[in-house]
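Have a look at model-v6.cif below; it lists mmCIF, N, CA and C atoms.
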```cif
data_run
#
loop_
_atom_site.group_PDB
_atom_site.id
_atom_site.type_symbol
_atom_site.label_atom_id
_atom_site.label_comp_id
_atom_site.auth_asym_id
_atom_site.auth_seq_id
_atom_site.Cartn_x
_atom_site.Cartn_y
_atom_site.Cartn_z
ATOM 1 N N MET A 1 21.615 -3.238 63.074
ATOM 2 C CA MET A 1 20.762 -3.574 61.985
ATOM 3 C C MET A 1 20.867 -2.485 60.913
ATOM 4 N N VAL A 2 20.855 -2.898 59.650
ATOM 5 C CA VAL A 2 20.993 -1.955 58.548
ATOM 6 C C VAL A 2 19.608 -1.695 57.965
ATOM 7 N N ALA A 3 19.291 -0.438 57.827
ATOM 8 C CA ALA A 3 17.992 -0.051 57.259
ATOM 9 C C ALA A 3 18.140 0.109 55.750
ATOM 10 N N ILE A 4 17.275 -0.542 55.036
ATOM 11 C CA ILE A 4 17.265 -0.417 53.572
ATOM 12 C C ILE A 4 16.161 0.571 53.223
ATOM 13 N N SER A 5 16.570 1.636 52.546
ATOM 14 C CA SER A 5 15.576 2.656 52.200
ATOM 15 C C SER A 5 14.738 2.194 51.012
ATOM 16 N N ARG A 6 13.528 2.524 51.096
ATOM 17 C CA ARG A 6 12.588 2.173 50.047
ATOM 18 C C ARG A 6 12.645 3.246 48.967
ATOM 19 N N PRO A 7 12.640 2.870 47.654
ATOM 20 C CA PRO A 7 12.683 3.900 46.616
ATOM 21 C C PRO A 7 11.413 4.751 46.666
ATOM 22 N N LYS A 8 11.597 6.033 46.518
ATOM 23 C CA LYS A 8 10.457 6.956 46.552
ATOM 24 C C LYS A 8 9.895 7.121 45.148
ATOM 25 N N ILE A 9 8.598 7.034 45.067
ATOM 26 C CA ILE A 9 7.920 7.237 43.795
ATOM 27 C C ILE A 9 7.327 8.630 43.813
ATOM 28 N N SER A 10 7.708 9.431 42.836
ATOM 29 C CA SER A 10 7.221 10.809 42.814
ATOM 30 C C SER A 10 5.832 10.870 42.187
ATOM 31 N N ALA A 11 5.120 11.906 42.521
ATOM 32 C CA ALA A 11 3.782 12.119 41.961
ATOM 33 C C ALA A 11 3.866 12.296 40.444
ATOM 34 N N THR A 12 4.923 12.941 39.979
ATOM 35 C CA THR A 12 5.100 13.148 38.546
ATOM 36 C C THR A 12 5.259 11.817 37.825
ATOM 37 N N GLY A 13 5.998 10.901 38.409
ATOM 38 C CA GLY A 13 6.186 9.588 37.816
ATOM 39 C C GLY A 13 4.886 8.817 37.725
ATOM 40 N N ILE A 14 4.090 8.885 38.775
ATOM 41 C CA ILE A 14 2.797 8.200 38.783
ATOM 42 C C ILE A 14 1.877 8.794 37.723
ATOM 43 N N ILE A 15 1.856 10.108 37.615
ATOM 44 C CA ILE A 15 1.010 10.765 36.611
ATOM 45 C C ILE A 15 1.470 10.401 35.201
ATOM 46 N N ALA A 16 2.781 10.363 34.982
ATOM 47 C CA ALA A 16 3.305 10.016 33.658
ATOM 48 C C ALA A 16 2.924 8.587 33.279
ATOM 49 N N VAL A 17 3.085 7.657 34.195
ATOM 50 C CA VAL A 17 2.739 6.265 33.926
ATOM 51 C C VAL A 17 1.237 6.134 33.677
ATOM 52 N N ALA A 18 0.429 6.808 34.478
ATOM 53 C CA ALA A 18 -1.019 6.770 34.293
ATOM 54 C C ALA A 18 -1.403 7.337 32.926
ATOM 55 N N GLY A 19 -0.747 8.419 32.518
ATOM 56 C CA GLY A 19 -1.023 9.023 31.208
ATOM 57 C C GLY A 19 -0.707 8.078 30.070
ATOM 58 N N VAL A 20 0.420 7.393 30.158
ATOM 59 C CA VAL A 20 0.811 6.435 29.121
ATOM 60 C C VAL A 20 -0.207 5.296 29.067
ATOM 61 N N ILE A 21 -0.630 4.821 30.218
ATOM 62 C CA ILE A 21 -1.616 3.739 30.257
ATOM 63 C C ILE A 21 -2.928 4.177 29.619
ATOM 64 N N VAL A 22 -3.368 5.389 29.917
ATOM 65 C CA VAL A 22 -4.612 5.909 29.338
ATOM 66 C C VAL A 22 -4.503 5.991 27.819
ATOM 67 N N ILE A 23 -3.379 6.465 27.318
ATOM 68 C CA ILE A 23 -3.188 6.585 25.870
ATOM 69 C C ILE A 23 -3.189 5.214 25.206
ATOM 70 N N VAL A 24 -2.509 4.257 25.807
ATOM 71 C CA VAL A 24 -2.459 2.908 25.229
ATOM 72 C C VAL A 24 -3.847 2.270 25.224
ATOM 73 N N VAL A 25 -4.574 2.405 26.329
ATOM 74 C CA VAL A 25 -5.920 1.829 26.405
ATOM 75 C C VAL A 25 -6.844 2.502 25.393
ATOM 76 N N ALA A 26 -6.759 3.827 25.258
ATOM 77 C CA ALA A 26 -7.607 4.541 24.302
ATOM 78 C C ALA A 26 -7.292 4.113 22.869
ATOM 79 N N ALA A 27 -6.016 3.994 22.546
ATOM 80 C CA ALA A 27 -5.633 3.576 21.189
ATOM 81 C C ALA A 27 -6.113 2.161 20.894
ATOM 82 N N ALA A 28 -5.976 1.278 21.863
ATOM 83 C CA ALA A 28 -6.434 -0.100 21.671
ATOM 84 C C ALA A 28 -7.954 -0.153 21.522
ATOM 85 N N SER A 29 -8.648 0.660 22.286
ATOM 86 C CA SER A 29 -10.113 0.678 22.212
ATOM 87 C C SER A 29 -10.585 1.180 20.860
ATOM 88 N N ILE A 30 -10.001 2.250 20.396
ATOM 89 C CA ILE A 30 -10.416 2.835 19.123
ATOM 90 C C ILE A 30 -10.138 1.868 17.976
ATOM 91 N N SER A 31 -8.970 1.237 17.971
ATOM 92 C CA SER A 31 -8.652 0.337 16.871
ATOM 93 C C SER A 31 -9.486 -0.936 16.926
ATOM 94 N N SER A 32 -9.838 -1.395 18.127
ATOM 95 C CA SER A 32 -10.626 -2.625 18.210
ATOM 96 C C SER A 32 -12.090 -2.394 17.849
ATOM 97 N N VAL A 33 -12.601 -1.193 18.110
ATOM 98 C CA VAL A 33 -13.988 -0.888 17.797
ATOM 99 C C VAL A 33 -14.140 -0.624 16.307
ATOM 100 N N GLY A 34 -13.103 -0.147 15.661
ATOM 101 C CA GLY A 34 -13.144 0.082 14.226
ATOM 102 C C GLY A 34 -13.616 1.471 13.839
ATOM 103 N N PHE A 35 -13.328 2.463 14.662
ATOM 104 C CA PHE A 35 -13.676 3.827 14.297
ATOM 105 C C PHE A 35 -12.942 4.206 13.030
ATOM 106 N N ARG A 36 -13.609 4.935 12.192
ATOM 107 C CA ARG A 36 -12.999 5.410 10.963
ATOM 108 C C ARG A 36 -12.450 6.815 11.204
ATOM 109 N N PRO A 37 -11.395 7.167 10.486
ATOM 110 C CA PRO A 37 -10.843 8.513 10.651
ATOM 111 C C PRO A 37 -11.889 9.586 10.350
ATOM 112 N N TYR A 38 -11.755 10.728 11.026
ATOM 113 C CA TYR A 38 -12.689 11.829 10.843
ATOM 114 C C TYR A 38 -12.701 12.259 9.385
ATOM 115 N N GLY A 39 -13.885 12.360 8.809
ATOM 116 C CA GLY A 39 -14.039 12.835 7.438
ATOM 117 C C GLY A 39 -13.910 11.760 6.376
ATOM 118 N N GLU A 40 -13.653 10.523 6.776
ATOM 119 C CA GLU A 40 -13.464 9.475 5.776
ATOM 120 C C GLU A 40 -14.726 9.261 4.952
ATOM 121 N N GLN A 41 -15.887 9.286 5.576
ATOM 122 C CA GLN A 41 -17.144 9.071 4.863
ATOM 123 C C GLN A 41 -17.350 10.146 3.797
ATOM 124 N N THR A 42 -17.005 11.379 4.118
ATOM 125 C CA THR A 42 -17.128 12.479 3.161
ATOM 126 C C THR A 42 -16.191 12.269 1.974
ATOM 127 N N ILE A 43 -14.973 11.826 2.267
ATOM 128 C CA ILE A 43 -13.995 11.588 1.199
ATOM 129 C C ILE A 43 -14.468 10.455 0.302
ATOM 130 N N LEU A 44 -14.960 9.371 0.905
ATOM 131 C CA LEU A 44 -15.438 8.238 0.103
ATOM 132 C C LEU A 44 -16.633 8.628 -0.761
ATOM 133 N N ALA A 45 -17.521 9.471 -0.235
ATOM 134 C CA ALA A 45 -18.665 9.940 -1.024
ATOM 135 C C ALA A 45 -18.196 10.793 -2.197
ATOM 136 N N GLN A 46 -17.196 11.635 -1.972
ATOM 137 C CA GLN A 46 -16.649 12.481 -3.041
ATOM 138 C C GLN A 46 -16.007 11.620 -4.124
ATOM 139 N N ILE A 47 -15.260 10.598 -3.721
ATOM 140 C CA ILE A 47 -14.633 9.693 -4.694
ATOM 141 C C ILE A 47 -15.704 8.994 -5.521
ATOM 142 N N GLU A 48 -16.759 8.523 -4.863
ATOM 143 C CA GLU A 48 -17.834 7.840 -5.596
ATOM 144 C C GLU A 48 -18.518 8.777 -6.585
ATOM 145 N N ARG A 49 -18.753 10.048 -6.184
ATOM 146 C CA ARG A 49 -19.343 11.032 -7.100
ATOM 147 C C ARG A 49 -18.451 11.250 -8.315
ATOM 148 N N GLU A 50 -17.158 11.425 -8.066
ATOM 149 C CA GLU A 50 -16.227 11.674 -9.174
ATOM 150 C C GLU A 50 -16.140 10.468 -10.108
ATOM 151 N N ASP A 51 -16.091 9.261 -9.529
ATOM 152 C CA ASP A 51 -16.053 8.052 -10.366
ATOM 153 C C ASP A 51 -17.325 7.929 -11.190
ATOM 154 N N SER A 52 -18.452 8.232 -10.558
ATOM 155 C CA SER A 52 -19.743 8.144 -11.254
ATOM 156 C C SER A 52 -19.812 9.137 -12.408
ATOM 157 N N ILE A 53 -19.334 10.340 -12.186
ATOM 158 C CA ILE A 53 -19.330 11.357 -13.243
ATOM 159 C C ILE A 53 -18.432 10.912 -14.399
ATOM 160 N N LEU A 54 -17.238 10.388 -14.043
ATOM 161 C CA LEU A 54 -16.304 9.958 -15.089
ATOM 162 C C LEU A 54 -16.893 8.808 -15.911
ATOM 163 N N CYS A 55 -17.434 7.795 -15.247
ATOM 164 C CA CYS A 55 -18.013 6.666 -15.977
ATOM 165 C C CYS A 55 -19.246 7.107 -16.773
ATOM 166 N N GLY A 56 -19.995 8.080 -16.253
ATOM 167 C CA GLY A 56 -21.174 8.586 -16.941
ATOM 168 C C GLY A 56 -20.833 9.353 -18.202
ATOM 169 N N LYS A 57 -19.646 9.957 -18.261
ATOM 170 C CA LYS A 57 -19.231 10.709 -19.451
ATOM 171 C C LYS A 57 -19.116 9.819 -20.680
ATOM 172 N N PHE A 58 -18.865 8.538 -20.456
ATOM 173 C CA PHE A 58 -18.706 7.612 -21.566
ATOM 174 C C PHE A 58 -20.031 7.059 -22.050
ATOM 175 N N GLY A 59 -21.141 7.384 -21.384
ATOM 176 C CA GLY A 59 -22.462 6.926 -21.788
ATOM 177 C C GLY A 59 -22.602 5.414 -21.772
ATOM 178 N N LEU A 60 -22.072 4.794 -20.748
ATOM 179 C CA LEU A 60 -22.074 3.335 -20.655
ATOM 180 C C LEU A 60 -23.430 2.805 -20.212
ATOM 181 N N ALA A 61 -23.745 1.586 -20.642
ATOM 182 C CA ALA A 61 -24.961 0.908 -20.186
ATOM 183 C C ALA A 61 -24.774 0.525 -18.717
ATOM 184 N N ALA A 62 -25.853 0.074 -18.088
ATOM 185 C CA ALA A 62 -25.832 -0.198 -16.644
ATOM 186 C C ALA A 62 -24.715 -1.161 -16.250
ATOM 187 N N GLN A 63 -24.577 -2.280 -16.945
ATOM 188 C CA GLN A 63 -23.545 -3.267 -16.583
ATOM 189 C C GLN A 63 -22.150 -2.703 -16.825
ATOM 190 N N GLN A 64 -21.969 -2.018 -17.948
ATOM 191 C CA GLN A 64 -20.666 -1.420 -18.244
ATOM 192 C C GLN A 64 -20.348 -0.321 -17.229
ATOM 193 N N PHE A 65 -21.372 0.425 -16.800
ATOM 194 C CA PHE A 65 -21.186 1.488 -15.830
ATOM 195 C C PHE A 65 -20.686 0.898 -14.506
ATOM 196 N N SER A 66 -21.323 -0.188 -14.041
ATOM 197 C CA SER A 66 -20.886 -0.784 -12.773
ATOM 198 C C SER A 66 -19.488 -1.392 -12.918
ATOM 199 N N ASP A 67 -19.173 -1.959 -14.094
ATOM 200 C CA ASP A 67 -17.818 -2.471 -14.331
ATOM 201 C C ASP A 67 -16.804 -1.334 -14.281
ATOM 202 N N CYS A 68 -17.162 -0.199 -14.842
ATOM 203 C CA CYS A 68 -16.285 0.974 -14.828
ATOM 204 C C CYS A 68 -16.015 1.417 -13.387
ATOM 205 N N MET A 69 -17.075 1.455 -12.567
ATOM 206 C CA MET A 69 -16.924 1.860 -11.161
ATOM 207 C C MET A 69 -16.022 0.879 -10.410
ATOM 208 N N ILE A 70 -16.194 -0.421 -10.663
ATOM 209 C CA ILE A 70 -15.355 -1.441 -10.013
ATOM 210 C C ILE A 70 -13.908 -1.303 -10.460
ATOM 211 N N ASP A 71 -13.701 -1.057 -11.752
ATOM 212 C CA ASP A 71 -12.338 -0.891 -12.270
ATOM 213 C C ASP A 71 -11.656 0.331 -11.660
ATOM 214 N N LEU A 72 -12.388 1.420 -11.496
ATOM 215 C CA LEU A 72 -11.797 2.614 -10.888
ATOM 216 C C LEU A 72 -11.430 2.357 -9.417
ATOM 217 N N THR A 73 -12.267 1.619 -8.707
ATOM 218 C CA THR A 73 -11.958 1.266 -7.317
ATOM 219 C C THR A 73 -10.697 0.421 -7.257
ATOM 220 N N ASP A 74 -10.585 -0.545 -8.169
ATOM 221 C CA ASP A 74 -9.396 -1.395 -8.226
ATOM 222 C C ASP A 74 -8.153 -0.570 -8.569
ATOM 223 N N LEU A 75 -8.304 0.364 -9.489
ATOM 224 C CA LEU A 75 -7.185 1.231 -9.865
ATOM 225 C C LEU A 75 -6.705 2.053 -8.674
ATOM 226 N N ARG A 76 -7.623 2.615 -7.919
ATOM 227 C CA ARG A 76 -7.247 3.393 -6.724
ATOM 228 C C ARG A 76 -6.530 2.507 -5.706
ATOM 229 N N ARG A 77 -7.030 1.282 -5.501
ATOM 230 C CA ARG A 77 -6.408 0.360 -4.549
ATOM 231 C C ARG A 77 -4.976 0.034 -4.968
ATOM 232 N N ARG A 78 -4.787 -0.225 -6.265
ATOM 233 C CA ARG A 78 -3.440 -0.538 -6.750
ATOM 234 C C ARG A 78 -2.510 0.662 -6.607
ATOM 235 N N HIS A 79 -3.027 1.867 -6.786
ATOM 236 C CA HIS A 79 -2.202 3.065 -6.592
ATOM 237 C C HIS A 79 -1.744 3.167 -5.144
ATOM 238 N N VAL A 80 -2.654 2.924 -4.208
ATOM 239 C CA VAL A 80 -2.290 2.978 -2.789
ATOM 240 C C VAL A 80 -1.257 1.908 -2.464
ATOM 241 N N GLU A 81 -1.435 0.696 -3.004
ATOM 242 C CA GLU A 81 -0.462 -0.372 -2.778
ATOM 243 C C GLU A 81 0.910 0.013 -3.315
ATOM 244 N N MET A 82 0.943 0.619 -4.501
ATOM 245 C CA MET A 82 2.206 1.023 -5.091
ATOM 246 C C MET A 82 2.878 2.112 -4.241
ATOM 247 N N LEU A 83 2.117 3.110 -3.839
ATOM 248 C CA LEU A 83 2.676 4.175 -3.005
ATOM 249 C C LEU A 83 3.163 3.641 -1.664
ATOM 250 N N THR A 84 2.425 2.700 -1.100
ATOM 251 C CA THR A 84 2.825 2.103 0.167
ATOM 252 C C THR A 84 4.099 1.292 0.001
ATOM 253 N N ALA A 85 4.196 0.559 -1.092
ATOM 254 C CA ALA A 85 5.393 -0.252 -1.346
ATOM 255 C C ALA A 85 6.627 0.626 -1.468
ATOM 256 N N TRP A 86 6.462 1.797 -2.026
ATOM 257 C CA TRP A 86 7.592 2.732 -2.161
ATOM 258 C C TRP A 86 7.723 3.649 -0.949
ATOM 259 N N GLU A 87 6.888 3.393 0.073
ATOM 260 C CA GLU A 87 6.888 4.141 1.337
ATOM 261 C C GLU A 87 6.682 5.637 1.135
ATOM 262 N N TRP A 88 5.782 5.983 0.236
ATOM 263 C CA TRP A 88 5.446 7.381 0.019
ATOM 264 C C TRP A 88 4.315 7.831 0.917
ATOM 265 N N ILE A 89 3.558 6.846 1.466
ATOM 266 C CA ILE A 89 2.492 7.210 2.413
ATOM 267 C C ILE A 89 2.590 6.314 3.624
#
```
Structure translated into structure tokens:
Amino acid sequence: MVAISRPKISATGIIAVAGVIVIVVAAASISSVGFRPYGEQTILAQIEREDSILCGKFGLAAQQFSDCMIDLTDLRRRHVEMLTAWEWI
């Protein structure tokens, strides 16, 4: 009778596979829950302050001021789209 040896699984291999599984599960959990990157809220608050100061320099009325803020948000979005299209970020 011929004995077929069973492949040996090393402890290092098991640990490596377990580590990869943990990383994949953690990444999936974070993206599905919708965590925001660290410091994003601070950055968004700073952008809003700067936009508000800029629109305020023009002495706009309330409706014009909110239109100015919306236009600046749209301008920033288009800049990100352009940079992404050119693969700069």
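Pairwise distance (atom N of Gly59 in chain A, CA of Leu72 in chain A) equals 14.8 Å.
The gap separating atom N of Ser52 in chain A from atom C of Ile70 in chain A is 10.6 Å, in Å to one decimal.
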### Task
Please run DSSP on the backbone and report, as a VMD selection string, all residues within chain A that come out as alpha helix (DSSP H).
chain A and resid 11 to 33 40 to 57 62 to 85
### Å distance separating atom C of Ser10 in chain A from CA of Val22 in chain A, one decimal place
17.3 Å
### Task
Would you kindly return, as a VMD selection string, each protein, DNA or RNA residue with an atom no farther than 12 Å from any atom of Gly56 in chain A, considering only C-alpha atoms and excluding same-chain residues fewer than 4 positions away?
chain A and resid 48 to 52 60 to 62 64 to 69
